[in-house]
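Text of the file work11.txt, holding compact mmCIF, C-alpha atoms:
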# COMPACT_ATOMS: atom_id res chain seq x y z
CA MET A 1 -1.05 0.13 15.80
CA LEU A 2 1.71 2.03 14.04
CA LEU A 3 2.58 5.66 14.76
CA ALA A 4 3.99 7.30 11.60
CA ILE A 5 5.51 10.78 11.78
CA ASP A 6 6.79 12.97 8.95
CA ILE A 7 8.65 16.06 10.23
CA GLY A 8 8.70 18.87 7.68
CA ASN A 9 9.84 22.47 7.87
CA SER A 10 6.29 23.85 8.06
CA HIS A 11 4.23 20.90 9.28
CA ILE A 12 4.53 17.64 11.18
CA VAL A 13 2.18 15.03 9.74
CA VAL A 14 1.14 12.29 12.14
CA GLY A 15 -0.69 9.12 11.13
CA ILE A 16 -2.05 6.10 13.00
CA PHE A 17 -2.21 2.85 11.05
CA GLU A 18 -4.23 -0.17 12.03
CA GLY A 19 -2.61 -2.80 9.83
CA GLN A 20 -2.31 -1.07 6.46
CA HIS A 21 -5.39 1.08 7.08
CA LEU A 22 -4.80 4.74 7.91
CA ARG A 23 -7.16 5.18 10.83
CA ALA A 24 -6.38 8.82 11.64
CA ALA A 25 -4.05 11.60 10.48
CA TRP A 26 -3.21 15.08 11.71
CA ARG A 27 -1.19 18.01 10.38
CA LEU A 28 0.57 20.05 13.08
CA ALA A 29 2.56 23.27 12.78
CA THR A 30 6.29 22.64 13.12
CA ASP A 31 7.40 24.49 16.24
CA GLN A 32 11.01 24.22 17.37
CA THR A 33 10.15 25.90 20.69
CA LYS A 34 7.89 23.04 21.82
CA THR A 35 9.32 20.60 24.34
CA THR A 36 9.14 16.82 24.45
CA ASP A 37 6.36 17.02 27.02
CA GLU A 38 4.34 19.53 25.00
CA TYR A 39 4.47 17.35 21.88
CA GLY A 40 3.67 14.31 24.03
CA ILE A 41 0.58 15.83 25.66
CA LEU A 42 -0.62 17.07 22.27
CA SER A 43 -0.13 13.60 20.73
CA LEU A 44 -2.03 11.89 23.55
CA SER A 45 -4.86 14.38 23.16
CA LEU A 46 -5.11 13.72 19.41
CA LEU A 47 -5.16 9.96 19.95
CA ASP A 48 -7.79 10.30 22.66
CA SER A 49 -10.02 12.22 20.24
CA HIS A 50 -10.13 9.02 18.12
CA GLY A 51 -10.48 6.64 21.05
CA ILE A 52 -6.90 5.38 20.80
CA GLU A 53 -4.80 4.75 23.91
CA SER A 54 -1.03 5.11 24.04
CA GLN A 55 -0.68 1.42 24.99
CA GLN A 56 -2.16 0.45 21.62
CA ILE A 57 0.86 1.88 19.77
CA SER A 58 3.15 -1.05 19.01
CA GLY A 59 5.66 0.64 16.71
CA CYS A 60 6.82 3.97 15.31
CA ILE A 61 8.60 5.17 12.18
CA MET A 62 9.74 8.71 11.40
CA SER A 63 11.10 10.72 8.51
CA SER A 64 12.53 14.16 9.14
CA VAL A 65 14.14 17.10 7.37
CA VAL A 66 14.38 19.15 10.59
CA PRO A 67 17.22 17.67 12.72
CA PRO A 68 16.56 19.82 15.84
CA ILE A 69 13.03 18.43 16.13
CA THR A 70 14.00 14.85 15.31
CA LEU A 71 15.57 14.25 18.72
CA VAL A 72 12.67 15.98 20.50
CA LEU A 73 10.10 13.70 18.88
CA GLN A 74 12.26 10.60 19.26
CA THR A 75 12.40 11.28 22.99
CA MET A 76 8.67 12.01 23.06
CA VAL A 77 7.83 8.66 21.45
CA GLN A 78 10.11 6.82 23.86
CA LYS A 79 8.65 8.60 26.90
CA PHE A 80 4.94 8.61 26.05
CA PHE A 81 4.59 5.52 23.85
CA LYS A 82 7.44 3.29 25.08
CA GLN A 83 8.68 2.75 21.51
CA ASN A 84 12.02 3.28 19.80
CA PRO A 85 11.16 4.96 16.50
CA ILE A 86 12.76 3.85 13.25
CA LEU A 87 14.36 6.76 11.38
CA VAL A 88 14.19 6.62 7.58
CA ASN A 89 17.49 7.15 5.75
CA PRO A 90 18.95 6.25 2.34
CA GLU A 91 19.86 2.78 3.65
CA SER A 92 16.22 1.99 4.52
CA PRO A 93 14.51 -0.75 2.43
CA LEU A 94 13.17 1.71 -0.14
CA GLY A 95 12.99 -0.75 -3.02
CA LEU A 96 14.82 1.82 -5.17
CA THR A 97 18.26 2.23 -6.72
CA LEU A 98 19.44 5.74 -5.85
CA ARG A 99 21.24 7.24 -8.88
CA TYR A 100 22.51 10.13 -6.82
CA PRO A 101 26.17 10.93 -6.04
CA ASN A 102 25.37 11.62 -2.37
CA PRO A 103 22.06 9.98 -1.37
CA HIS A 104 22.22 11.64 2.06
CA GLU A 105 21.49 14.97 0.36
CA ILE A 106 18.01 13.71 -0.57
CA GLY A 107 15.28 14.69 1.87
CA THR A 108 13.88 11.59 3.52
CA ASP A 109 10.35 12.74 2.72
CA ARG A 110 11.28 12.59 -0.98
CA LEU A 111 12.65 9.08 -0.55
CA VAL A 112 9.52 7.94 1.28
CA ASN A 113 7.26 9.42 -1.41
CA ALA A 114 9.26 7.79 -4.19
CA SER A 115 9.25 4.42 -2.43
CA ALA A 116 5.49 4.52 -1.85
CA ALA A 117 4.68 5.61 -5.39
CA PHE A 118 6.93 3.02 -7.05
CA HIS A 119 5.54 0.25 -4.83
CA ARG A 120 2.00 1.18 -5.89
CA TYR A 121 2.45 1.84 -9.62
CA HIS A 122 5.69 0.19 -10.88
CA CYS A 123 5.96 2.55 -13.84
CA ASP A 124 7.86 5.68 -14.87
CA LEU A 125 6.91 8.30 -12.29
CA LEU A 126 7.17 11.95 -11.41
CA ILE A 127 6.16 12.81 -7.84
CA VAL A 128 5.43 16.48 -7.09
CA ASP A 129 5.29 17.33 -3.39
CA PHE A 130 3.79 20.69 -2.44
CA GLY A 131 5.43 21.44 0.89
CA THR A 132 7.64 24.23 2.21
CA ALA A 133 9.52 23.57 -1.02
CA THR A 134 7.90 22.18 -4.15
CA THR A 135 9.93 19.08 -5.02
CA PHE A 136 9.96 16.91 -8.13
CA CYS A 137 11.24 13.32 -7.95
CA THR A 138 11.84 11.15 -11.01
CA VAL A 139 11.63 7.35 -10.73
CA THR A 140 11.94 4.91 -13.62
CA LYS A 141 9.82 1.81 -14.15
CA THR A 142 12.83 -0.25 -13.06
CA GLY A 143 12.97 1.54 -9.70
CA GLU A 144 15.83 3.94 -10.35
CA TYR A 145 15.60 7.21 -8.44
CA LEU A 146 17.17 9.71 -10.85
CA GLY A 147 16.77 12.97 -8.93
CA GLY A 148 14.55 15.90 -9.75
CA ALA A 149 14.06 19.57 -9.03
CA ILE A 150 13.37 21.83 -6.05
CA ALA A 151 11.45 25.10 -6.27
CA PRO A 152 10.15 27.46 -3.56
CA GLY A 153 6.93 26.24 -2.03
CA LEU A 154 3.64 27.90 -2.86
CA LYS A 155 3.01 29.08 0.70
CA SER A 156 6.65 30.09 1.09
CA ALA A 157 6.28 32.32 -1.97
CA ALA A 158 3.04 33.82 -0.64
CA ASP A 159 4.62 34.50 2.76
CA SER A 160 7.64 36.08 1.07
CA LEU A 161 5.43 38.50 -0.87
CA HIS A 162 3.77 39.60 2.37
CA ILE A 163 6.99 39.84 4.40
CA GLN A 164 9.14 41.51 1.75
CA THR A 165 6.63 44.16 0.68
CA ALA A 166 4.91 47.01 2.48
CA GLN A 167 1.38 46.61 1.13
CA LEU A 168 0.81 43.02 0.03
CA PRO A 169 -1.37 41.11 2.53
CA ILE A 170 -1.56 37.52 3.69
CA ILE A 171 -4.02 35.74 1.40
CA ASP A 172 -5.89 32.45 1.17
CA LEU A 173 -4.28 30.15 -1.37
CA VAL A 174 -7.37 29.40 -3.43
CA GLN A 175 -7.99 29.54 -7.17
CA PRO A 176 -9.43 32.91 -8.24
CA ARG A 177 -12.29 32.96 -10.73
CA THR A 178 -10.31 34.94 -13.29
CA VAL A 179 -6.64 35.25 -14.18
CA ILE A 180 -6.93 39.03 -14.29
CA GLY A 181 -7.27 40.05 -10.67
CA THR A 182 -9.50 43.00 -9.80
CA ASN A 183 -7.98 43.69 -6.38
CA THR A 184 -4.73 42.99 -4.57
CA ALA A 185 -5.81 39.65 -3.09
CA THR A 186 -7.14 38.15 -6.33
CA SER A 187 -4.12 39.47 -8.25
CA MET A 188 -1.82 37.69 -5.81
CA GLN A 189 -3.93 34.53 -5.97
CA SER A 190 -3.73 34.57 -9.75
CA GLY A 191 0.02 35.03 -9.82
CA LEU A 192 0.60 32.31 -7.25
CA ILE A 193 -1.97 29.66 -8.21
CA TYR A 194 -1.82 29.98 -12.00
CA GLY A 195 1.88 30.79 -11.90
CA TYR A 196 2.70 27.66 -9.89
CA SER A 197 0.52 25.55 -12.17
CA GLY A 198 2.64 26.80 -15.06
CA LEU A 199 5.83 26.11 -13.10
CA VAL A 200 4.75 22.52 -12.47
CA ASP A 201 3.69 21.89 -16.06
CA GLU A 202 6.93 23.37 -17.46
CA LEU A 203 9.20 21.35 -15.18
CA VAL A 204 7.25 18.13 -15.77
CA THR A 205 7.43 18.66 -19.54
CA ARG A 206 11.16 19.38 -19.46
CA ILE A 207 11.91 16.38 -17.23
CA GLN A 208 9.91 14.05 -19.47
CA LYS A 209 11.73 15.42 -22.53
CA GLU A 210 15.10 14.96 -20.82
CA ILE A 211 14.46 11.29 -19.98
CA ASN A 212 12.70 10.81 -23.33
CA ARG A 213 9.57 9.17 -21.93
CA GLN A 214 6.15 9.94 -20.51
CA THR A 215 5.56 9.47 -16.80
CA LEU A 216 2.65 9.14 -14.44
CA VAL A 217 2.57 12.44 -12.52
CA ILE A 218 1.43 12.18 -8.91
CA ALA A 219 0.93 15.15 -6.59
CA THR A 220 1.02 15.12 -2.82
CA GLY A 221 1.35 17.66 0.00
CA GLY A 222 -0.99 20.14 1.59
CA LEU A 223 -1.69 22.27 -1.51
CA ALA A 224 -1.57 19.51 -4.14
CA SER A 225 -5.32 19.50 -4.77
CA VAL A 226 -5.37 23.27 -5.43
CA ILE A 227 -2.78 23.09 -8.23
CA ALA A 228 -3.97 19.73 -9.58
CA LYS A 229 -7.33 21.27 -10.53
CA ILE A 230 -5.72 23.50 -13.14
CA SER A 231 -2.47 21.70 -14.00
CA ARG A 232 -2.28 20.08 -17.43
CA THR A 233 0.20 17.43 -16.31
CA ILE A 234 -0.81 16.22 -12.81
CA GLN A 235 -2.78 13.00 -13.23
CA GLU A 236 -3.41 11.88 -9.66
CA VAL A 237 -3.42 13.35 -6.16
CA ARG A 238 -2.45 11.21 -3.18
CA PRO A 239 -2.56 13.46 -0.09
CA ASP A 240 -1.35 10.71 2.27
CA LEU A 241 1.49 9.40 0.09
CA THR A 242 4.20 10.11 2.68
CA LEU A 243 2.31 8.34 5.46
CA GLU A 244 1.63 5.40 3.13
CA GLY A 245 5.36 5.21 2.42
CA LEU A 246 6.23 5.25 6.10
CA GLU A 247 3.84 2.39 6.79
CA LEU A 248 5.34 0.44 3.86
CA LEU A 249 8.90 0.96 5.11
CA TYR A 250 7.96 -0.10 8.64
CA ARG A 251 6.38 -3.26 7.25
CA ARG A 252 9.54 -4.01 5.28
CA THR A 253 11.67 -3.44 8.35
CA HIS A 254 9.39 -5.56 10.57
CA PRO A 255 7.91 -8.20 8.25
For this file, produce the structure as structure tokens.
Amino acid sequence: MLLAIDIGNSHIVVGIFEGQHLRAAWRLATDQTKTTDEYGILSLSLLDSHGIESQQISGCIMSSVVPPITLVLQTMVQKFFKQNPILVNPESPLGLTLRYPNPHEIGTDRLVNASAAFHRYHCDLLIVDFGTATTFCTVTKTGEYLGGAIAPGLKSAADSLHIQTAQLPIIDLVQPRTVIGTNTATSMQSGLIYGYSGLVDELVTRIQKEINRQTLVIATGGLASVIAKISRTIQEVRPDLTLEGLELLYRRTHP
């Protein structure tokens, strides 16, 4: 079995693959105060909940945009699973041509998403990832990674409203029934949910105009399904796209 780990600024997504089948997946809060042992005990507990033993893990691959946690989880995998994890980087077998002056500036989660999407669809693509940041990645039908755009994440914006103001509360990020809010919570939900839908649609439209072609628009990330319901441009939601990409890259590295 393969242990796949994507380390993000807000969440760590962990997946267990049996062959190419995603048997289990978990989303954990990213916590830089946790030790190797704490992450190890938590990982063993999650595996045990699905009847998986540590000895069944035969490989590990990781992508990370949080360097301080990378080493902690590398050490955890070595200690608790006796595996040396593969770290994704721009030199990994992505199956893409990176049209980027400095590919090391690209978040590895973006590279993994682009690799997975191009492998599946082989067409002009726009991948929108709703994470701590909302990222847009453009890939051509010939496998050229052109770049994209980065906007504040939906939850990051909601948290900022609460932290930076005296009276705005923490809210659930769900679609309100009306655009015109009738209280503080629904007004914030309207501004965030409908506002971010408009942000996505505008950026997608501008990117497609700039490259002078239509693209398949795929959404992933924790809040993708919320925005996809009302977006005019998102055509498909693949919540496990990053894990799928990690499994693909491991298979290419260990054929």
With region 19-39 of chain A as the partner and 8 Å as the cut-off, tabulate the residues of region 63-152 of chain A that qualify, each row holding the nearest pair of atoms and their distance in Å to one decimal, using only C-alpha atoms, sorted by chain and rising number, as a Markdown table.
| residue | atom | partner | partner_atom | distance |
| --- | --- | --- | --- | --- |
| A:Pro68 | CA | A:Gln32 | CA | 7.2 |
| A:Ile69 | CA | A:Gln32 | CA | 6.3 |
| A:Val72 | CA | A:Thr36 | CA | 5.4 |
| A:Leu73 | CA | A:Thr36 | CA | 6.5 |
| A:Thr75 | CA | A:Thr36 | CA | 6.6 |
| A:Met76 | CA | A:Thr36 | CA | 5.0 |
Using only C-alpha atoms, which residues sit within 12 Å of Pro85 (chain A) once same-chain residues fewer than 6 positions away are excluded, as an NGL selection string? :A and (2-6 or 57-64 or 70-79 or 246 or 250 or 253)
Those residues you just picked out, can you put them in a file as a CSV table (one decimal), keeping the file's coordinate frame with C-alpha atoms?
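The result, written out as again-v2.csv:
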chain,number,residue,atom,x,y,z
A,2,LEU,CA,1.7,2.0,14.0
A,3,LEU,CA,2.6,5.7,14.8
A,4,ALA,CA,4.0,7.3,11.6
A,5,ILE,CA,5.5,10.8,11.8
A,6,ASP,CA,6.8,13.0,9.0
A,57,ILE,CA,0.9,1.9,19.8
A,58,SER,CA,3.2,-1.0,19.0
A,59,GLY,CA,5.7,0.6,16.7
A,60,CYS,CA,6.8,4.0,15.3
A,61,ILE,CA,8.6,5.2,12.2
A,62,MET,CA,9.7,8.7,11.4
A,63,SER,CA,11.1,10.7,8.5
A,64,SER,CA,12.5,14.2,9.1
A,70,THR,CA,14.0,14.8,15.3
A,71,LEU,CA,15.6,14.2,18.7
A,72,VAL,CA,12.7,16.0,20.5
A,73,LEU,CA,10.1,13.7,18.9
A,74,GLN,CA,12.3,10.6,19.3
A,75,THR,CA,12.4,11.3,23.0
A,76,MET,CA,8.7,12.0,23.1
A,77,VAL,CA,7.8,8.7,21.4
A,78,GLN,CA,10.1,6.8,23.9
A,79,LYS,CA,8.6,8.6,26.9
A,246,LEU,CA,6.2,5.2,6.1
A,250,TYR,CA,8.0,-0.1,8.6
A,253,THR,CA,11.7,-3.4,8.4
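For the atom pair formed by CA of Leu199 (chain A) and CA of Leu94 (chain A), the distance is 28.6 Å, given to one decimal.
Nearest to Val217 (chain A) of all the residues A:Ile127, A:Ser187, A:Arg238, A:Glu202 is A:Ile127, counting all atoms listed in the file.
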Selected residue of minimal separation from Thr242 (chain A) among A:Leu173, A:Leu168, A:Met188, A:Val112, counting only C-alpha atoms: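 Comparing A:Leu173, A:Leu168, A:Met188, A:Val112 against Thr242 (chain A), the winner is A:Val112.
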What's around Gln167 (chain A) at 12 Å? Count all atoms listed in the file, leave out sequence neighbours fewer than 6 positions away in its own chain, and write the answer as a VMD selection string. chain A and resid 161 184 to 185 188
Identify which of the residues A:Thr135, A:Ser43, A:Asn9, A:Ser115 lies closest to Leu96 (chain A), counting only C-alpha atoms when measuring atom-to-atom distances.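 With only C-alpha atoms as the atom set, the closest residue is A:Ser115.
One finds CA of Ser10 (chain A) at 18.2 Å from CA of Leu111 (chain A).
Minimum atom-to-atom distance to Arg252 (chain A), evaluated using only C-alpha atoms, belongs to A:His119 out of A:His50, A:Lys82, A:His11, A:His119.
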Report, in Å to a single decimal, how far apart CA of Glu247 (chain A) and CA of Gly40 (chain A) are.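 That distance, rounded to one decimal, is 21.0 Å.
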Using all atoms listed in the file, which protein or nucleic acid residues come within 12 Å of Ile171 (chain A)? Drop anything in the same chain fewer than 3 positions from it, and give the result as a list in words. Leu154, Lys155, Ala157, Ala158, Asp159, Ser160, Leu161, His162, Leu168, Val174, Gln175, Pro176, Asn183, Thr184, Ala185, Thr186, Ser187, Met188, Gln189, Ser190, Gly191, Leu192 and Ile193 of chain A
Select all residues near (15.6, 9.4, 6.8) (cut-off 6 Å, inclusive, file coordinates), counting all atoms listed in the file, and output them as a list in words.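 The distance filter leaves exactly Ser63, Leu87, Val88, Asn89 and Thr108 of chain A.
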Which is closest to Pro101 (chain A) among A:Ile12, A:Leu146, A:Leu42, A:Ile207, if we use all atoms listed in the file?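 Looking only at the distances to Pro101 (chain A), the closest residue turns out to be A:Leu146.
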Cut-off 8 Å around (9.6, 21.5, -1.8) with all atoms listed in the file: residues as a VMD selection string: chain A and resid 129 to 136 150 to 153
Using the selection just defined, write its residues with C-alpha atoms as a PDB file, keeping the file's coordinate frame.
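Printed below is again_30.pdb as written:
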ATOM      1  CA  ASP A 129       5.290  17.330  -3.390  1.00  0.00           C
ATOM      2  CA  PHE A 130       3.790  20.690  -2.440  1.00  0.00           C
ATOM      3  CA  GLY A 131       5.430  21.440   0.890  1.00  0.00           C
ATOM      4  CA  THR A 132       7.640  24.230   2.210  1.00  0.00           C
ATOM      5  CA  ALA A 133       9.520  23.570  -1.020  1.00  0.00           C
ATOM      6  CA  THR A 134       7.900  22.180  -4.150  1.00  0.00           C
ATOM      7  CA  THR A 135       9.930  19.080  -5.020  1.00  0.00           C
ATOM      8  CA  PHE A 136       9.960  16.910  -8.130  1.00  0.00           C
ATOM      9  CA  ILE A 150      13.370  21.830  -6.050  1.00  0.00           C
ATOM     10  CA  ALA A 151      11.450  25.100  -6.270  1.00  0.00           C
ATOM     11  CA  PRO A 152      10.150  27.460  -3.560  1.00  0.00           C
ATOM     12  CA  GLY A 153       6.930  26.240  -2.030  1.00  0.00           C
TER      13      GLY A 153
END
Counting all atoms listed in the file, the residue among A:Gly15, A:Gly8, A:Gly245, A:Gly222 that lies closest to Val65 (chain A) is A:Gly8
